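All remarks here apply to the structure that follows.
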Amino acid sequence: MPRIAYVNGRYVPHANAMVHIEDRGYQFADGVYEVCEIRHGYIVDLTRHLNRLERSLGELRIAWPMSRNALTRVIRETVRRNRVRNGLFYLQVTRGVARRDHVFPVEGTPSSLVITAKSTDPSVIAKKNATGIKAITVADNRWDRVDIKSVGLLPNTLARQQAKEAGAQEAIYVDADGMVKEGAATNVWIVDRDGTLVTRPADHGILRGITRTTLIDVVAKLGVKIEERKFSVAEMLAAREVFITAATSICFPVVSIDAQTIANGHPGSVSLKIREAFFDVAEKIAI
């Protein structure tokens, strides 16, 4: 079945979907986005994704393209038209179309909205969960406001390409003090030598991942001890488990970093326990 995209008020064939050449997302990366999982016909954690969208728009002073209720209806309709039961939707809002100028366009310029949805193969994710993935570390060279989910992802793109060329699937950013920040498209967690689950605080320097936030609820329900604190690359390499989280993958175990084996080189029990409990705790909205 041909895919359908929503572009500025119209549902159009995905192959014909387009935006103006002076859309500020294209010219300046002047926009924000969200990616949300669809599992078994349910949209996962939509409320938290829209809350984060609201924050990102507010930080960049971009107007909502429509009311939140209307946006929810458009999201659900886009997912339905693409007949997605397992997959994701991508939503992007930019400051709109205007003559190219660094300053904001005139007040009242409408925001641009694009939404796409696609099916994914659950068996691909299951295979990665069963075997684990590899990662590399890279120096963090991004702008300071990584707490905003901006479409300006060139450093992330280069980091992921570097990982691919090294035979890995994720790049983990490290700050100037040798402390772990986050992945190019994920949050990073370890299980330390005492069995405590550790992740960096999301008050500054990383994106407050929605899956990360829900996972904290999950571990509270499971009774797993958790600490939000900084940890070093050395501590990560010596950890009992390392895993990364994102909306499209939930919880991938990392079994090798910079060609060094983590623990016994196999996925650990904590990430498995969390992954199995995640969807019982996460918000689920029927399509």
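Each chain in the structure tokens gets a letter, A, B and so on, in the order shown; residues start at 1 in every chain, and ligands are counted from 1 in the order they appear.
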Worksheet item: Which of stretch 72-206 of chain A counts as strand (DSSP E or B) under DSSP, as a PyMOL selection string please?
Response: chain A and resi 87-94+97+112-119+133-139+150+170-174+179-183+187-191+197-199
Practice prompt. Could you tell me, as a VMD selection string, which residues of stretch 106-245 of chain A DSSP assigns to helix (DSSP H, G or I) when given the backbone?
Written response: chain A and resid 122 to 131 154 to 165 210 to 222 233 to 237
Worksheet item: Skipping near chain neighbours, those fewer than 2 positions away, what residues fall within 7 Å of stretch 130-143 of chain A using only C-alpha atoms, listed as a list of chain:residue names?
Response: A:Ala126, A:Lys127, A:Lys128, A:Arg145, A:Val146, A:Pro155, A:Ala163, A:Ala168, A:Gln169, A:Glu170, A:Ala171, A:Ile172, A:Tyr173, A:Val174, A:Asp175, A:Phe252, A:Pro253, A:Val254, A:Val255, A:Ser256, A:Ile257, A:Asp258, A:His266, A:Pro267
Selection export as a compact mmCIF listing (two decimals), in the first residue's frame, atoms kept: N, CA, C and O atoms:
```txt
# COMPACT_ATOMS: atom_id res chain seq x y z
N ALA A 126 14.10 -7.48 17.86
CA ALA A 126 14.25 -8.68 18.70
C ALA A 126 15.64 -9.29 18.53
O ALA A 126 16.26 -9.75 19.51
N LYS A 127 16.16 -9.28 17.31
CA LYS A 127 17.49 -9.84 17.07
C LYS A 127 18.56 -9.02 17.78
O LYS A 127 19.48 -9.58 18.40
N LYS A 128 18.45 -7.69 17.72
CA LYS A 128 19.43 -6.85 18.39
C LYS A 128 19.36 -7.02 19.90
O LYS A 128 20.38 -6.99 20.60
N ARG A 145 22.49 23.46 23.64
CA ARG A 145 21.07 23.24 23.94
C ARG A 145 20.56 21.91 23.40
O ARG A 145 19.55 21.84 22.70
N VAL A 146 21.25 20.83 23.74
CA VAL A 146 20.81 19.52 23.28
C VAL A 146 19.55 19.05 24.02
O VAL A 146 18.98 18.01 23.68
N PRO A 155 25.92 17.01 13.71
CA PRO A 155 26.92 16.30 14.52
C PRO A 155 26.50 14.86 14.83
O PRO A 155 27.34 13.95 14.81
N ALA A 163 30.37 5.63 13.71
CA ALA A 163 30.08 4.34 14.35
C ALA A 163 29.93 3.25 13.29
O ALA A 163 30.48 2.14 13.43
N ALA A 168 30.01 -0.48 14.33
CA ALA A 168 29.14 -0.32 15.50
C ALA A 168 27.80 0.27 15.08
O ALA A 168 27.63 0.72 13.95
N GLN A 169 26.88 0.29 16.03
CA GLN A 169 25.53 0.79 15.75
C GLN A 169 25.19 2.10 16.47
O GLN A 169 24.19 2.72 16.15
N GLU A 170 25.99 2.51 17.43
CA GLU A 170 25.74 3.77 18.12
C GLU A 170 27.05 4.42 18.51
O GLU A 170 28.08 3.76 18.72
N ALA A 171 27.01 5.77 18.56
CA ALA A 171 28.13 6.57 19.04
C ALA A 171 27.72 7.22 20.35
O ALA A 171 26.62 7.79 20.44
N ILE A 172 28.56 7.12 21.35
CA ILE A 172 28.27 7.65 22.68
C ILE A 172 29.12 8.89 22.91
O ILE A 172 30.35 8.83 22.87
N TYR A 173 28.45 10.01 23.15
CA TYR A 173 29.15 11.27 23.38
C TYR A 173 29.79 11.32 24.76
O TYR A 173 29.18 10.89 25.76
N VAL A 174 30.99 11.87 24.80
CA VAL A 174 31.76 12.01 26.04
C VAL A 174 32.15 13.47 26.19
O VAL A 174 32.58 14.11 25.22
N ASP A 175 31.99 14.03 27.40
CA ASP A 175 32.33 15.44 27.60
C ASP A 175 33.83 15.63 27.83
O ASP A 175 34.61 14.65 27.85
N PHE A 252 18.17 -1.31 24.08
CA PHE A 252 19.14 -2.18 23.41
C PHE A 252 20.33 -2.42 24.32
O PHE A 252 21.00 -1.47 24.76
N PRO A 253 20.67 -3.69 24.61
CA PRO A 253 21.90 -3.97 25.37
C PRO A 253 23.13 -3.69 24.51
O PRO A 253 23.15 -3.96 23.32
N VAL A 254 24.16 -3.11 25.14
CA VAL A 254 25.42 -2.82 24.47
C VAL A 254 26.46 -3.80 25.01
O VAL A 254 26.72 -3.85 26.21
N VAL A 255 27.06 -4.58 24.11
CA VAL A 255 27.97 -5.65 24.55
C VAL A 255 29.43 -5.34 24.23
O VAL A 255 30.33 -6.07 24.67
N SER A 256 29.66 -4.24 23.49
CA SER A 256 31.04 -3.86 23.16
C SER A 256 31.09 -2.36 22.94
O SER A 256 30.22 -1.80 22.26
N ILE A 257 32.11 -1.72 23.51
CA ILE A 257 32.32 -0.28 23.33
C ILE A 257 33.79 -0.05 23.01
O ILE A 257 34.67 -0.51 23.75
N ASP A 258 34.06 0.64 21.91
CA ASP A 258 35.44 0.88 21.46
C ASP A 258 36.21 -0.44 21.38
O ASP A 258 37.39 -0.53 21.76
N HIS A 266 27.50 -10.52 26.65
CA HIS A 266 26.12 -10.91 26.32
C HIS A 266 25.14 -9.93 26.98
O HIS A 266 25.48 -9.29 27.99
N PRO A 267 23.94 -9.79 26.43
CA PRO A 267 22.93 -8.93 27.07
C PRO A 267 22.69 -9.35 28.51
O PRO A 267 22.73 -10.55 28.86
```
Given only C-alpha atoms, how would the per-residue table for stretch 99-158 of chain A near stretch 57-61 of chain A read, listing every residue at most 12 Å away with its closest atom pair and distance in Å to one decimal, sorted by chain and number, as CSV?
```
residue,atom,partner,partner_atom,distance
A:Phe104,CA,A:Arg61,CA,9.6
A:Pro105,CA,A:Arg61,CA,11.8
A:Glu107,CA,A:Arg61,CA,11.2
A:Ser111,CA,A:Leu57,CA,10.4
A:Arg145,CA,A:Glu59,CA,9.6
A:Val146,CA,A:Glu59,CA,11.5
A:Asp147,CA,A:Glu59,CA,9.7
A:Ile148,CA,A:Glu59,CA,7.4
A:Lys149,CA,A:Leu57,CA,9.1
A:Ser150,CA,A:Leu60,CA,9.1
A:Val151,CA,A:Leu60,CA,11.8
```
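Closest approach to A:Ser271 among A:Tyr26, A:Tyr33, A:Trp189, A:Tyr90: A:Trp189, based on only C-alpha atoms.
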Discussion item. Env of stretch 35-38 of chain A: 8 Å cut, atoms = only C-alpha atoms, seq-sep filter 4 positions within chain, self excluded. Answer as a ChimeraX atom specification.
Written reply: /A:42-46,49,84-91,247-248
Worksheet item: Using only C-alpha atoms, which residue out of A:Asp30, A:Ser123, A:Gln162, A:Thr245 lies closest to A:Arg212?
Response: A:Thr245
